[in-house]
file upload_13.txt (compact mmCIF, C-alpha atoms and all ligand atoms)
# COMPACT_ATOMS: atom_id res chain seq x y z
CA MET A 8 15.31 -12.16 19.31
CA ARG A 9 11.60 -12.50 18.55
CA LYS A 10 10.38 -13.81 15.26
CA THR A 11 6.86 -14.65 14.10
CA THR A 12 6.36 -17.24 11.41
CA LEU A 13 3.35 -18.34 9.42
CA ASN A 14 3.47 -22.12 9.76
CA HIS A 15 0.22 -22.88 7.94
CA PHE A 16 -2.42 -20.68 6.32
CA GLY A 17 -4.91 -19.04 8.65
CA LEU A 18 -4.61 -16.65 11.58
CA ASP A 19 -3.95 -19.64 13.86
CA GLY A 20 -0.92 -20.47 11.71
CA LEU A 21 0.99 -17.49 13.13
CA GLN A 22 3.44 -18.42 15.85
CA ARG A 23 6.04 -16.42 17.75
CA SER A 24 9.41 -18.08 18.44
CA VAL A 25 12.90 -17.17 19.57
CA ALA A 26 15.66 -16.97 16.97
CA THR A 27 19.37 -16.25 17.23
CA GLU A 28 20.89 -13.18 15.67
CA ARG A 29 23.31 -13.61 12.78
CA ALA A 30 26.07 -11.37 11.50
CA PRO A 31 25.50 -10.13 7.95
CA GLY A 32 27.36 -11.96 5.18
CA PRO A 33 28.88 -10.27 2.12
CA GLY A 34 26.42 -7.80 0.59
CA GLU A 35 23.96 -8.19 3.46
CA VAL A 36 22.62 -5.78 6.05
CA ALA A 37 21.27 -6.58 9.53
CA VAL A 38 18.39 -4.33 10.52
CA ARG A 39 16.82 -4.07 13.97
CA MET A 40 13.16 -3.82 13.04
CA CYS A 41 11.20 -1.27 15.08
CA ALA A 42 7.78 -1.21 13.42
CA ALA A 43 5.72 -2.82 10.69
CA SER A 44 2.43 -2.12 8.97
CA VAL A 45 -0.30 -4.33 7.59
CA ASN A 46 -1.60 -4.37 4.03
CA TYR A 47 -4.51 -6.21 2.46
CA HIS A 48 -1.81 -8.28 0.75
CA ASP A 49 -0.62 -9.53 4.15
CA LEU A 50 -4.16 -10.62 4.99
CA ALA A 51 -4.34 -12.49 1.67
CA THR A 52 -0.90 -14.01 2.32
CA VAL A 53 -1.75 -15.24 5.81
CA LEU A 54 -5.11 -16.63 4.69
CA GLY A 55 -3.44 -18.36 1.74
CA PHE A 56 -5.14 -16.80 -1.27
CA ALA A 57 -2.34 -14.41 -2.30
CA ASN A 58 0.01 -17.25 -3.16
CA PRO A 59 -1.12 -20.77 -2.19
CA LYS A 60 2.34 -22.05 -3.26
CA MET A 61 4.37 -19.72 -1.05
CA PRO A 62 7.12 -21.40 0.98
CA LEU A 63 6.13 -22.15 4.60
CA PRO A 64 7.10 -21.47 7.28
CA GLN A 65 7.59 -17.83 6.35
CA VAL A 66 8.08 -14.61 8.31
CA PRO A 67 5.12 -12.43 7.26
CA LEU A 68 4.71 -8.71 6.50
CA SER A 69 6.16 -6.83 3.56
CA ASP A 70 6.35 -3.47 5.27
CA GLY A 71 8.62 -2.48 8.10
CA ALA A 72 11.10 0.12 9.28
CA GLY A 73 14.15 -0.16 11.50
CA GLU A 74 17.75 0.74 12.14
CA VAL A 75 20.82 -0.74 10.47
CA MET A 76 22.88 -2.59 13.11
CA ALA A 77 25.68 -4.01 10.94
CA VAL A 78 26.64 -4.25 7.30
CA GLY A 79 28.49 -7.07 5.56
CA GLU A 80 31.54 -6.94 3.37
CA GLY A 81 31.15 -4.91 0.20
CA VAL A 82 28.04 -3.00 1.28
CA THR A 83 28.03 0.63 0.19
CA GLY A 84 25.34 3.25 0.67
CA LEU A 85 24.12 1.95 4.06
CA ALA A 86 25.90 2.14 7.42
CA PRO A 87 25.11 1.27 11.06
CA GLY A 88 22.66 3.78 12.50
CA ASP A 89 20.87 4.43 9.20
CA ARG A 90 17.08 4.28 9.46
CA VAL A 91 15.56 2.24 6.66
CA CYS A 92 12.36 0.82 5.19
CA THR A 93 11.91 -2.61 3.63
CA LEU A 94 11.03 -2.98 -0.06
CA PHE A 95 7.90 -4.85 -1.18
CA PHE A 96 9.74 -6.04 -4.33
CA PRO A 97 13.44 -6.21 -3.34
CA GLY A 98 14.31 -7.30 -6.89
CA TRP A 99 12.79 -4.21 -8.53
CA GLN A 100 15.31 -1.44 -8.17
CA SER A 101 14.43 0.77 -11.16
CA GLY A 102 12.95 0.79 -14.66
CA LYS A 103 9.85 -1.00 -15.92
CA PRO A 104 8.43 -4.04 -14.10
CA THR A 105 9.65 -7.42 -15.35
CA LEU A 106 8.67 -10.88 -14.18
CA ALA A 107 12.15 -11.34 -12.68
CA ALA A 108 11.89 -8.02 -10.81
CA LEU A 109 8.54 -8.97 -9.26
CA LYS A 110 9.54 -12.48 -8.26
CA ARG A 111 10.77 -11.76 -4.74
CA VAL A 112 8.07 -10.42 -2.42
CA THR A 113 8.98 -9.52 1.16
CA GLY A 114 6.89 -11.51 3.63
CA GLU A 115 5.74 -13.91 0.93
CA THR A 116 8.60 -15.47 -1.02
CA VAL A 117 11.40 -14.00 1.13
CA PRO A 118 11.35 -13.41 4.92
CA GLY A 119 9.31 -10.42 6.05
CA ALA A 120 9.36 -7.70 8.66
CA LEU A 121 7.80 -9.43 11.69
CA GLN A 122 11.09 -10.21 13.44
CA ASP A 123 13.48 -8.23 15.62
CA GLN A 124 16.36 -8.69 13.19
CA LEU A 125 15.89 -8.77 9.44
CA LEU A 126 18.96 -9.92 7.55
CA ALA A 127 18.78 -9.34 3.80
CA PRO A 128 20.75 -8.02 0.83
CA ALA A 129 21.43 -4.28 1.14
CA SER A 130 19.32 -3.68 -1.97
CA SER A 131 16.26 -4.88 0.01
CA PHE A 132 16.22 -1.64 2.02
CA ILE A 133 15.96 2.07 1.37
CA PRO A 134 16.70 5.01 3.71
CA MET A 135 13.42 6.19 5.22
CA PRO A 136 12.26 9.83 5.16
CA ALA A 137 14.19 11.78 7.81
CA SER A 138 10.99 13.55 8.91
CA LEU A 139 9.19 10.36 9.95
CA GLY A 140 9.38 8.03 12.94
CA PHE A 141 9.61 4.27 12.55
CA ILE A 142 5.86 3.63 12.84
CA GLU A 143 5.02 6.21 10.19
CA ALA A 144 7.84 5.02 7.90
CA ALA A 145 6.59 1.44 8.20
CA THR A 146 3.43 2.47 6.32
CA LEU A 147 5.32 3.37 3.14
CA PRO A 148 6.72 0.30 1.28
CA CYS A 149 3.45 -1.02 -0.16
CA ALA A 150 0.50 1.35 0.37
CA ALA A 151 2.25 4.68 -0.06
CA LEU A 152 4.44 3.61 -2.98
CA THR A 153 1.44 2.09 -4.77
CA ALA A 154 -0.50 5.33 -4.35
CA TRP A 155 2.53 7.36 -5.47
CA ARG A 156 2.92 5.29 -8.61
CA ALA A 157 -0.84 5.45 -9.32
CA VAL A 158 -1.14 9.21 -8.86
CA VAL A 159 2.29 10.62 -9.68
CA VAL A 160 4.16 8.17 -11.92
CA GLU A 161 1.39 6.66 -14.07
CA GLY A 162 -1.50 9.07 -13.37
CA GLN A 163 0.72 12.12 -13.98
CA VAL A 164 -1.70 14.25 -12.02
CA LYS A 165 -1.21 18.01 -12.23
CA ALA A 166 -2.77 21.01 -10.52
CA GLY A 167 -6.45 21.32 -11.35
CA ASP A 168 -6.89 17.65 -12.33
CA ARG A 169 -9.80 15.75 -10.84
CA VAL A 170 -8.97 12.56 -8.97
CA LEU A 171 -11.46 9.99 -7.69
CA ILE A 172 -10.32 7.94 -4.71
CA GLN A 173 -12.21 4.81 -3.68
CA GLY A 174 -12.32 4.21 0.06
CA THR A 175 -10.43 5.42 3.09
CA GLY A 176 -7.98 2.55 3.67
CA GLY A 177 -4.19 2.55 3.42
CA VAL A 178 -3.64 3.04 -0.32
CA SER A 179 -6.64 5.36 -0.65
CA LEU A 180 -5.61 7.95 1.92
CA PHE A 181 -2.05 8.11 0.59
CA ALA A 182 -3.59 8.69 -2.86
CA LEU A 183 -5.69 11.50 -1.38
CA GLN A 184 -2.63 13.07 0.24
CA PHE A 185 -0.48 12.85 -2.91
CA ALA A 186 -3.30 14.15 -5.16
CA ARG A 187 -3.75 17.14 -2.84
CA LEU A 188 -0.02 17.73 -2.74
CA LEU A 189 -0.10 18.06 -6.54
CA GLY A 190 -3.01 20.53 -6.42
CA ALA A 191 -5.75 18.23 -7.69
CA GLU A 192 -9.47 18.42 -6.95
CA THR A 193 -10.32 15.27 -5.00
CA PHE A 194 -13.42 13.10 -4.88
CA VAL A 195 -13.57 10.45 -2.15
CA ILE A 196 -16.17 7.68 -1.95
CA SER A 197 -16.62 5.54 1.17
CA SER A 198 -19.05 3.14 2.82
CA SER A 199 -19.32 5.38 5.88
CA ASP A 200 -20.22 9.01 6.54
CA GLU A 201 -17.92 8.97 9.55
CA LYS A 202 -14.97 7.96 7.37
CA LEU A 203 -15.96 10.60 4.82
CA ALA A 204 -15.79 13.19 7.58
CA ARG A 205 -12.19 12.06 8.23
CA ALA A 206 -11.44 12.40 4.50
CA ARG A 207 -12.87 15.94 4.66
CA GLU A 208 -10.48 16.75 7.53
CA LEU A 209 -7.65 15.56 5.28
CA GLY A 210 -8.78 18.04 2.62
CA ALA A 211 -11.01 15.99 0.29
CA ASP A 212 -13.09 18.37 -1.83
CA HIS A 213 -16.09 16.14 -2.64
CA LEU A 214 -17.54 13.23 -0.68
CA LEU A 215 -19.95 10.47 -1.62
CA ASN A 216 -21.23 7.45 0.32
CA TYR A 217 -21.19 4.50 -2.11
CA ARG A 218 -23.62 2.51 0.05
CA ALA A 219 -26.19 5.29 -0.16
CA GLU A 220 -25.43 5.83 -3.88
CA PRO A 221 -24.58 2.47 -5.50
CA ARG A 222 -24.52 4.09 -9.00
CA TRP A 223 -21.82 6.46 -7.86
CA GLY A 224 -20.09 6.52 -11.25
CA ARG A 225 -22.77 8.70 -12.82
CA ALA A 226 -23.05 10.81 -9.68
CA ILE A 227 -19.30 11.54 -9.75
CA ARG A 228 -19.43 12.34 -13.47
CA LYS A 229 -22.18 14.88 -12.77
CA LEU A 230 -20.36 16.33 -9.79
CA SER A 231 -17.12 16.73 -11.73
CA GLY A 232 -18.57 18.30 -14.87
CA ASP A 233 -17.34 15.95 -17.58
CA GLY A 234 -15.74 13.15 -15.55
CA VAL A 235 -12.56 12.76 -13.53
CA ASP A 236 -9.04 12.58 -14.99
CA LEU A 237 -7.94 9.70 -12.77
CA VAL A 238 -9.61 6.95 -10.78
CA VAL A 239 -7.63 5.22 -8.03
CA GLU A 240 -9.32 1.84 -8.37
CA VAL A 241 -9.03 -0.35 -5.26
CA GLY A 242 -12.35 -2.17 -5.59
CA GLY A 243 -11.54 -3.99 -8.84
CA ALA A 244 -14.03 -6.41 -10.34
CA GLY A 245 -17.16 -4.95 -8.74
CA THR A 246 -16.29 -1.27 -9.11
CA LEU A 247 -14.55 -0.90 -12.50
CA ASN A 248 -17.79 -0.38 -14.44
CA GLU A 249 -18.75 2.46 -12.08
CA SER A 250 -15.27 3.92 -12.51
CA LEU A 251 -15.74 3.85 -16.27
CA ASP A 252 -18.89 5.94 -15.75
CA ALA A 253 -16.97 8.39 -13.60
CA VAL A 254 -13.86 8.91 -15.75
CA ARG A 255 -13.64 11.58 -18.48
CA ILE A 256 -13.00 10.81 -22.14
CA GLY A 257 -9.26 10.15 -22.46
CA GLY A 258 -8.97 9.66 -18.69
CA HIS A 259 -6.97 7.11 -16.73
CA VAL A 260 -7.85 4.31 -14.30
CA SER A 261 -5.06 3.10 -12.01
CA MET A 262 -6.04 -0.53 -11.42
CA ILE A 263 -4.78 -1.47 -7.98
CA GLY A 264 -7.14 -3.53 -5.87
CA VAL A 265 -9.15 -6.69 -5.83
CA LEU A 266 -11.42 -5.95 -2.87
CA THR A 267 -14.60 -6.82 -4.75
CA GLY A 268 -13.26 -9.89 -6.57
CA MET A 269 -10.78 -11.06 -9.18
CA ALA A 270 -12.84 -11.05 -12.40
CA SER A 271 -16.08 -9.62 -13.76
CA GLN A 272 -17.92 -8.52 -16.89
CA VAL A 273 -16.48 -5.18 -17.87
CA SER A 274 -17.87 -2.74 -20.40
CA THR A 275 -14.93 -3.03 -22.80
CA ALA A 276 -16.79 -0.94 -25.40
CA LYS A 277 -16.81 1.94 -22.92
CA ILE A 278 -13.03 1.69 -22.48
CA MET A 279 -12.69 1.94 -26.25
CA ALA A 280 -15.32 4.62 -26.87
CA MET A 281 -14.10 6.77 -24.00
CA ASN A 282 -10.42 6.35 -24.96
CA VAL A 283 -9.70 5.37 -21.36
CA THR A 284 -6.32 4.04 -20.23
CA VAL A 285 -6.63 1.24 -17.67
CA ARG A 286 -3.20 0.75 -16.13
CA GLY A 287 -2.37 -2.18 -13.86
CA ILE A 288 -0.20 -1.23 -10.90
CA THR A 289 2.03 -3.48 -8.81
CA VAL A 290 3.50 -1.27 -6.08
CA GLY A 291 6.62 0.50 -7.44
CA ASN A 292 10.39 0.31 -7.67
CA ARG A 293 13.14 1.48 -5.33
CA GLU A 294 13.94 4.54 -7.41
CA GLN A 295 10.30 5.70 -7.24
CA PHE A 296 10.38 5.00 -3.47
CA GLY A 297 13.33 7.43 -3.16
CA GLU A 298 11.48 10.12 -5.14
CA MET A 299 8.40 9.66 -2.94
CA ASN A 300 10.49 9.94 0.24
CA ARG A 301 11.93 13.27 -0.93
CA ALA A 302 8.38 14.60 -1.48
CA ILE A 303 7.30 13.31 1.95
CA ASP A 304 10.21 15.08 3.64
CA LEU A 305 9.79 18.29 1.68
CA HIS A 306 6.06 18.57 2.37
CA ARG A 307 6.22 17.07 5.88
CA LEU A 308 3.52 14.62 4.83
CA GLN A 309 2.27 12.54 7.78
CA PRO A 310 0.82 9.09 7.02
CA VAL A 311 -2.66 8.53 8.44
CA ILE A 312 -2.51 5.81 11.08
CA GLY A 313 -5.76 4.18 12.11
CA ASP A 314 -4.52 1.98 14.93
CA VAL A 315 -1.28 0.68 16.45
CA PHE A 316 -0.84 -2.86 17.81
CA GLY A 317 2.13 -4.52 19.52
CA PHE A 318 4.62 -7.08 18.14
CA ASP A 319 2.13 -9.87 18.81
CA GLY A 320 -0.82 -7.89 17.46
CA LEU A 321 -0.84 -9.19 13.89
CA PRO A 322 -3.92 -11.44 14.27
CA ALA A 323 -5.85 -8.56 15.86
CA ALA A 324 -4.69 -6.15 13.15
CA LEU A 325 -5.72 -8.58 10.41
CA ARG A 326 -9.14 -9.05 12.05
CA THR A 327 -9.56 -5.27 12.12
CA MET A 328 -8.68 -5.16 8.43
CA GLN A 329 -11.22 -7.90 7.68
CA GLY A 330 -13.86 -5.89 9.55
CA ALA A 331 -12.94 -2.79 7.48
CA SER A 332 -13.57 -0.48 10.41
CA HIS A 333 -10.19 1.25 10.03
CA VAL A 334 -9.21 4.49 8.36
CA GLY A 335 -5.68 4.70 6.94
CA LYS A 336 -2.96 2.31 8.06
CA LEU A 337 -2.82 -0.39 10.74
CA CYS A 338 0.63 -0.62 12.33
CA LEU A 339 2.65 -2.75 14.73
CA ASP A 340 4.98 -1.03 17.19
CA PHE A 341 7.69 -3.53 18.19
CA SER A 342 8.29 -1.72 21.50
CA LEU A 343 4.77 -2.68 22.64
N1 LIG A 401 -1.60 -3.61 -6.93
C1 LIG A 401 -0.86 -3.19 -5.93
O1 LIG A 401 0.32 -2.90 -6.06
C2 LIG A 401 -1.50 -3.02 -4.60
C3 LIG A 401 -0.81 -2.42 -3.54
C4 LIG A 401 -1.48 -2.18 -2.34
C5 LIG A 401 -2.80 -2.60 -2.21
N2 LIG A 401 -3.41 -3.23 -3.25
C6 LIG A 401 -4.79 -3.63 -3.17
O2 LIG A 401 -5.58 -2.46 -2.94
C7 LIG A 401 -6.69 -2.80 -2.14
C8 LIG A 401 -6.69 -1.90 -0.90
O3 LIG A 401 -5.56 -2.25 -0.10
P1 LIG A 401 -5.30 -1.52 1.29
O4 LIG A 401 -4.09 -2.15 1.86
O5 LIG A 401 -5.38 -0.05 1.13
O6 LIG A 401 -6.57 -2.04 2.11
P2 LIG A 401 -7.38 -1.38 3.26
O7 LIG A 401 -6.52 -0.50 4.09
O8 LIG A 401 -8.11 -2.49 3.93
O9 LIG A 401 -8.44 -0.45 2.52
C9 LIG A 401 -9.51 -0.94 1.80
C10 LIG A 401 -10.52 0.17 1.60
O10 LIG A 401 -11.18 -0.03 0.34
C11 LIG A 401 -12.45 0.51 0.40
N3 LIG A 401 -13.43 -0.31 -0.32
C12 LIG A 401 -13.80 -1.59 -0.07
N4 LIG A 401 -14.76 -1.97 -0.91
C13 LIG A 401 -15.02 -0.90 -1.70
C14 LIG A 401 -15.94 -0.66 -2.74
N5 LIG A 401 -16.82 -1.58 -3.13
N6 LIG A 401 -15.93 0.55 -3.34
C15 LIG A 401 -15.06 1.49 -2.95
N7 LIG A 401 -14.17 1.34 -1.95
C16 LIG A 401 -14.16 0.15 -1.33
C17 LIG A 401 -12.84 0.59 1.87
O11 LIG A 401 -13.05 1.96 2.15
P3 LIG A 401 -14.27 2.44 3.07
O12 LIG A 401 -14.15 1.62 4.31
O13 LIG A 401 -14.01 3.88 3.25
O14 LIG A 401 -15.54 2.14 2.32
C18 LIG A 401 -11.60 0.11 2.62
O15 LIG A 401 -11.28 0.97 3.66
C19 LIG A 401 -6.57 -4.30 -1.86
O16 LIG A 401 -7.30 -5.01 -2.82
C20 LIG A 401 -5.10 -4.57 -2.04
O17 LIG A 401 -4.84 -5.90 -2.39
C21 LIG A 401 -2.79 -3.46 -4.42
call {"tool": "encode", "arguments": {"input": "upload_13.txt", "output": "structure tokens"}}
result
Amino acid sequence: MRKTTLNHFGLDGLQRSVATERAPGPGEVAVRMCAASVNYHDLATVLGFANPKMPLPQVPLSDGAGEVMAVGEGVTGLAPGDRVCTLFFPGWQSGKPTLAALKRVTGETVPGALQDQLLAPASSFIPMPASLGFIEAATLPCAALTAWRAVVVEGQVKAGDRVLIQGTGGVSLFALQFARLLGAETFVISSSDEKLARARELGADHLLNYRAEPRWGRAIRKLSGDGVDLVVEVGGAGTLNESLDAVRIGGHVSMIGVLTGMASQVSTAKIMAMNVTVRGITVGNREQFGEMNRAIDLHRLQPVIGDVFGFDGLPAALRTMQGASHVGKLCLDFSL
């Protein structure tokens, strides 16, 4: 079977090898992986700035989908033939995040999805939505669940709420889809008019190019009347102050991304004066993943896929992500 490992940090540290299949031990499941998807976290992992102390060599990629081939002794709830997704945090099954629950990260501290057979504890997988194929399901473990937690679990968006979504990448377009599913009015900002046109096709109500309008926070506040209820913050350090201009008094910022840096000067007085909740988000737990999958099946929600590469396409996919030319998710189809 094929397996790709990251032997040292950098795109040239990725190497494909041949590995032998193993039978699952007690409590384990063997999954034939069929597809994977790429997140910004994978780029940071491969380049070495997500976790410079991560164990190497490591099989990269947190997100994948495949079919259960065999289950070990004592496994209940999964059987051969089941179609499953990986979990970003296999140790976080339910409840609030704890340090222990966030310790194991698929594709970083435990082996990831870029191999034909992934052998792991049964609790590291979850049945995928029945309405999706493997490529679509492979987009869910990190990007979709993060957006679900930001919009549904923590953001508690309801019909008529106003939601600001930064960008048109993986997390952002899932956030747009979930916000629309809940009946919210959506505001999407992007660096490109072409990408904004794609967001319009997906139902975004209001569009703004943040390159053309660098003070977009005030512009969004004006456009929305008295500010938005929720900001899906993927920019981080360089965008939070604008988000604080865009959010309504008593509103909520779901703090997800670090695309513009790790630290900055933030208008803390504005957070206080505006009674804003800034909530850090680290993906979500398995229970929330199950709830999201039910919504995806019920509403026949189709993930937005920007491009599909083959099993050996990870360096190309990561270069595409670095270039930020994509819209939605970048995937790997293991049959290619
Ligand atoms: N905390 C968590 O649990 C969690 C989970 C998943 C992802 N993340 C983080 O979320 C971020 C996005 O991840 P992703 O996988 O969705 O990446 P992605 O697919 O590469 O999407 C990134 C998008 O962000 C937008 N963007 C970049 N700079 C921006 C700016 N200054 N203002 C507004 N939008 C901007 C871009 O949209 P346009 O091209 O349209 O401008 C880009 O498409 C990353 O920082 C990632 O680490 C965090």
call {"tool": "closest_residue", "arguments": {"input": "upload_13.txt", "among": "A:Gly55, A:Gly268, A:Gly210, A:Gly257", "to": "ligand LIG 401 (chain A)", "atoms": "all atoms listed in the file"}}
result
A:Gly268
call {"tool": "closest_atom_pairs", "arguments": {"input": "upload_13.txt", "of": "chain A", "to": "ligand LIG 401 (chain A)", "cutoff": "7 Å", "atoms": "all atoms listed in the file", "output": "JSON lines"}}
result
{"residue": "A:Asn46", "atom": "CA", "partner": "A:LIG401", "partner_atom": "O4", "distance": 4.0}
{"residue": "A:Tyr47", "atom": "CA", "partner": "A:LIG401", "partner_atom": "O4", "distance": 4.1}
{"residue": "A:His48", "atom": "CA", "partner": "A:LIG401", "partner_atom": "O17", "distance": 5.0}
{"residue": "A:Cys149", "atom": "CA", "partner": "A:LIG401", "partner_atom": "C4", "distance": 5.5}
{"residue": "A:Ala150", "atom": "CA", "partner": "A:LIG401", "partner_atom": "C4", "distance": 4.9}
{"residue": "A:Thr153", "atom": "CA", "partner": "A:LIG401", "partner_atom": "C3", "distance": 5.2}
{"residue": "A:Gln173", "atom": "CA", "partner": "A:LIG401", "partner_atom": "N7", "distance": 4.3}
{"residue": "A:Gly174", "atom": "CA", "partner": "A:LIG401", "partner_atom": "O11", "distance": 3.2}
{"residue": "A:Thr175", "atom": "CA", "partner": "A:LIG401", "partner_atom": "O13", "distance": 3.9}
{"residue": "A:Gly176", "atom": "CA", "partner": "A:LIG401", "partner_atom": "O9", "distance": 3.2}
{"residue": "A:Gly177", "atom": "CA", "partner": "A:LIG401", "partner_atom": "O5", "distance": 3.7}
{"residue": "A:Val178", "atom": "CA", "partner": "A:LIG401", "partner_atom": "O5", "distance": 3.8}
{"residue": "A:Ser179", "atom": "CA", "partner": "A:LIG401", "partner_atom": "O5", "distance": 5.8}
{"residue": "A:Ile196", "atom": "CA", "partner": "A:LIG401", "partner_atom": "C15", "distance": 6.4}
{"residue": "A:Ser197", "atom": "CA", "partner": "A:LIG401", "partner_atom": "O13", "distance": 3.7}
{"residue": "A:Ser198", "atom": "CA", "partner": "A:LIG401", "partner_atom": "O14", "distance": 3.7}
{"residue": "A:Ser199", "atom": "CA", "partner": "A:LIG401", "partner_atom": "O13", "distance": 6.1}
{"residue": "A:Lys202", "atom": "CA", "partner": "A:LIG401", "partner_atom": "O13", "distance": 5.9}
{"residue": "A:Tyr217", "atom": "CA", "partner": "A:LIG401", "partner_atom": "N6", "distance": 6.7}
{"residue": "A:Val241", "atom": "CA", "partner": "A:LIG401", "partner_atom": "C7", "distance": 4.6}
{"residue": "A:Gly242", "atom": "CA", "partner": "A:LIG401", "partner_atom": "C14", "distance": 4.8}
{"residue": "A:Gly245", "atom": "CA", "partner": "A:LIG401", "partner_atom": "N5", "distance": 6.6}
{"residue": "A:Thr246", "atom": "CA", "partner": "A:LIG401", "partner_atom": "N5", "distance": 6.0}
{"residue": "A:Ile263", "atom": "CA", "partner": "A:LIG401", "partner_atom": "N1", "distance": 4.0}
{"residue": "A:Gly264", "atom": "CA", "partner": "A:LIG401", "partner_atom": "O16", "distance": 3.4}
{"residue": "A:Val265", "atom": "CA", "partner": "A:LIG401", "partner_atom": "O16", "distance": 3.9}
{"residue": "A:Leu266", "atom": "CA", "partner": "A:LIG401", "partner_atom": "O16", "distance": 4.2}
{"residue": "A:Thr267", "atom": "CA", "partner": "A:LIG401", "partner_atom": "N5", "distance": 5.9}
{"residue": "A:Ile288", "atom": "CA", "partner": "A:LIG401", "partner_atom": "N1", "distance": 4.8}
{"residue": "A:Thr289", "atom": "CA", "partner": "A:LIG401", "partner_atom": "O1", "distance": 3.3}
{"residue": "A:Val290", "atom": "CA", "partner": "A:LIG401", "partner_atom": "O1", "distance": 3.6}
{"residue": "A:Met328", "atom": "CA", "partner": "A:LIG401", "partner_atom": "O8", "distance": 5.3}
{"residue": "A:Ala331", "atom": "CA", "partner": "A:LIG401", "partner_atom": "O12", "distance": 5.6}
{"residue": "A:Ser332", "atom": "CA", "partner": "A:LIG401", "partner_atom": "O12", "distance": 6.5}
{"residue": "A:His333", "atom": "CA", "partner": "A:LIG401", "partner_atom": "O15", "distance": 6.5}
{"residue": "A:Val334", "atom": "CA", "partner": "A:LIG401", "partner_atom": "O15", "distance": 6.2}
{"residue": "A:Gly335", "atom": "CA", "partner": "A:LIG401", "partner_atom": "O7", "distance": 6.0}
{"residue": "A:Lys336", "atom": "CA", "partner": "A:LIG401", "partner_atom": "O7", "distance": 6.0}
call {"tool": "closest_atom_pairs", "arguments": {"input": "upload_13.txt", "of": "range 113-137 of chain A", "to": "range 312-319 of chain A", "cutoff": "10 Å", "atoms": "all atoms listed in the file", "output": "JSON lines"}}
result
{"residue": "A:Leu121", "atom": "CA", "partner": "A:Phe318", "partner_atom": "CA", "distance": 7.6}
{"residue": "A:Gln122", "atom": "CA", "partner": "A:Phe318", "partner_atom": "CA", "distance": 8.6}
{"residue": "A:Asp123", "atom": "CA", "partner": "A:Phe318", "partner_atom": "CA", "distance": 9.3}
call {"tool": "atom_distance", "arguments": {"input": "upload_13.txt", "atom1": "CA of Val164 in chain A", "atom2": "CA of Asp236 in chain A"}}
result
8.1 Å
call {"tool": "residues_near_point", "arguments": {"input": "upload_13.txt", "point": "(-8.3, 12.4, -1.8)", "cutoff": "10 Å", "atoms": "only C-alpha atoms", "output": "short mmCIF file (atom, residue, chain, number, x, y, z; two decimals) with C-alpha atoms, keeping the file's coordinate frame"}}
result
data_model
loop_
_atom_site.label_atom_id
_atom_site.label_comp_id
_atom_site.auth_asym_id
_atom_site.auth_seq_id
_atom_site.Cartn_x
_atom_site.Cartn_y
_atom_site.Cartn_z
CA ARG A 169 -9.80 15.75 -10.84
CA VAL A 170 -8.97 12.56 -8.97
CA LEU A 171 -11.46 9.99 -7.69
CA ILE A 172 -10.32 7.94 -4.71
CA GLN A 173 -12.21 4.81 -3.68
CA GLY A 174 -12.32 4.21 0.06
CA THR A 175 -10.43 5.42 3.09
CA SER A 179 -6.64 5.36 -0.65
CA LEU A 180 -5.61 7.95 1.92
CA PHE A 181 -2.05 8.11 0.59
CA ALA A 182 -3.59 8.69 -2.86
CA LEU A 183 -5.69 11.50 -1.38
CA GLN A 184 -2.63 13.07 0.24
CA PHE A 185 -0.48 12.85 -2.91
CA ALA A 186 -3.30 14.15 -5.16
CA ARG A 187 -3.75 17.14 -2.84
CA LEU A 188 -0.02 17.73 -2.74
CA ALA A 191 -5.75 18.23 -7.69
CA GLU A 192 -9.47 18.42 -6.95
CA THR A 193 -10.32 15.27 -5.00
CA PHE A 194 -13.42 13.10 -4.88
CA VAL A 195 -13.57 10.45 -2.15
CA ILE A 196 -16.17 7.68 -1.95
CA ALA A 206 -11.44 12.40 4.50
CA ARG A 207 -12.87 15.94 4.66
CA LEU A 209 -7.65 15.56 5.28
CA GLY A 210 -8.78 18.04 2.62
CA ALA A 211 -11.01 15.99 0.29
CA ASP A 212 -13.09 18.37 -1.83
CA HIS A 213 -16.09 16.14 -2.64
CA LEU A 214 -17.54 13.23 -0.68
CA VAL A 239 -7.63 5.22 -8.03
#
call {"tool": "atom_distance", "arguments": {"input": "upload_13.txt", "atom1": "CA of Ile278 in chain A", "atom2": "CA of Ala108 in chain A"}}
result
29.2 Å
call {"tool": "closest_residue", "arguments": {"input": "upload_13.txt", "among": "A:Leu321, A:Ala244, A:Val78, A:Val238", "to": "Phe341 in chain A", "atoms": "all atoms listed in the file"}}
result
A:Leu321
call {"tool": "residues_around", "arguments": {"input": "upload_13.txt", "residues": "Glu74 in chain A", "least_positions_apart": "5", "cutoff": "9 Å", "atoms": "all atoms listed in the file", "output": "ChimeraX atom specification"}}
result
/A:37-41,87-92,141
call {"tool": "residues_near_point", "arguments": {"input": "upload_13.txt", "point": "(7.7, 18.8, -5.7)", "cutoff": "9 Å", "atoms": "only C-alpha atoms", "output": "compact mmCIF listing (two decimals) with C-alpha atoms, in the frame of the given file"}}
result
# COMPACT_ATOMS: atom_id res chain seq x y z
CA LEU A 188 -0.02 17.73 -2.74
CA LEU A 189 -0.10 18.06 -6.54
CA ARG A 301 11.93 13.27 -0.93
CA ALA A 302 8.38 14.60 -1.48
CA LEU A 305 9.79 18.29 1.68
CA HIS A 306 6.06 18.57 2.37
call {"tool": "closest_residue", "arguments": {"input": "upload_13.txt", "among": "A:Ala30, A:Ala42, A:Ala120, A:Ala226", "to": "Cys338 in chain A", "atoms": "only C-alpha atoms"}}
result
A:Ala42
call {"tool": "atom_distance", "arguments": {"input": "upload_13.txt", "atom1": "CA of Gly140 in chain A", "atom2": "CA of Met299 in chain A"}}
result
16.0 Å
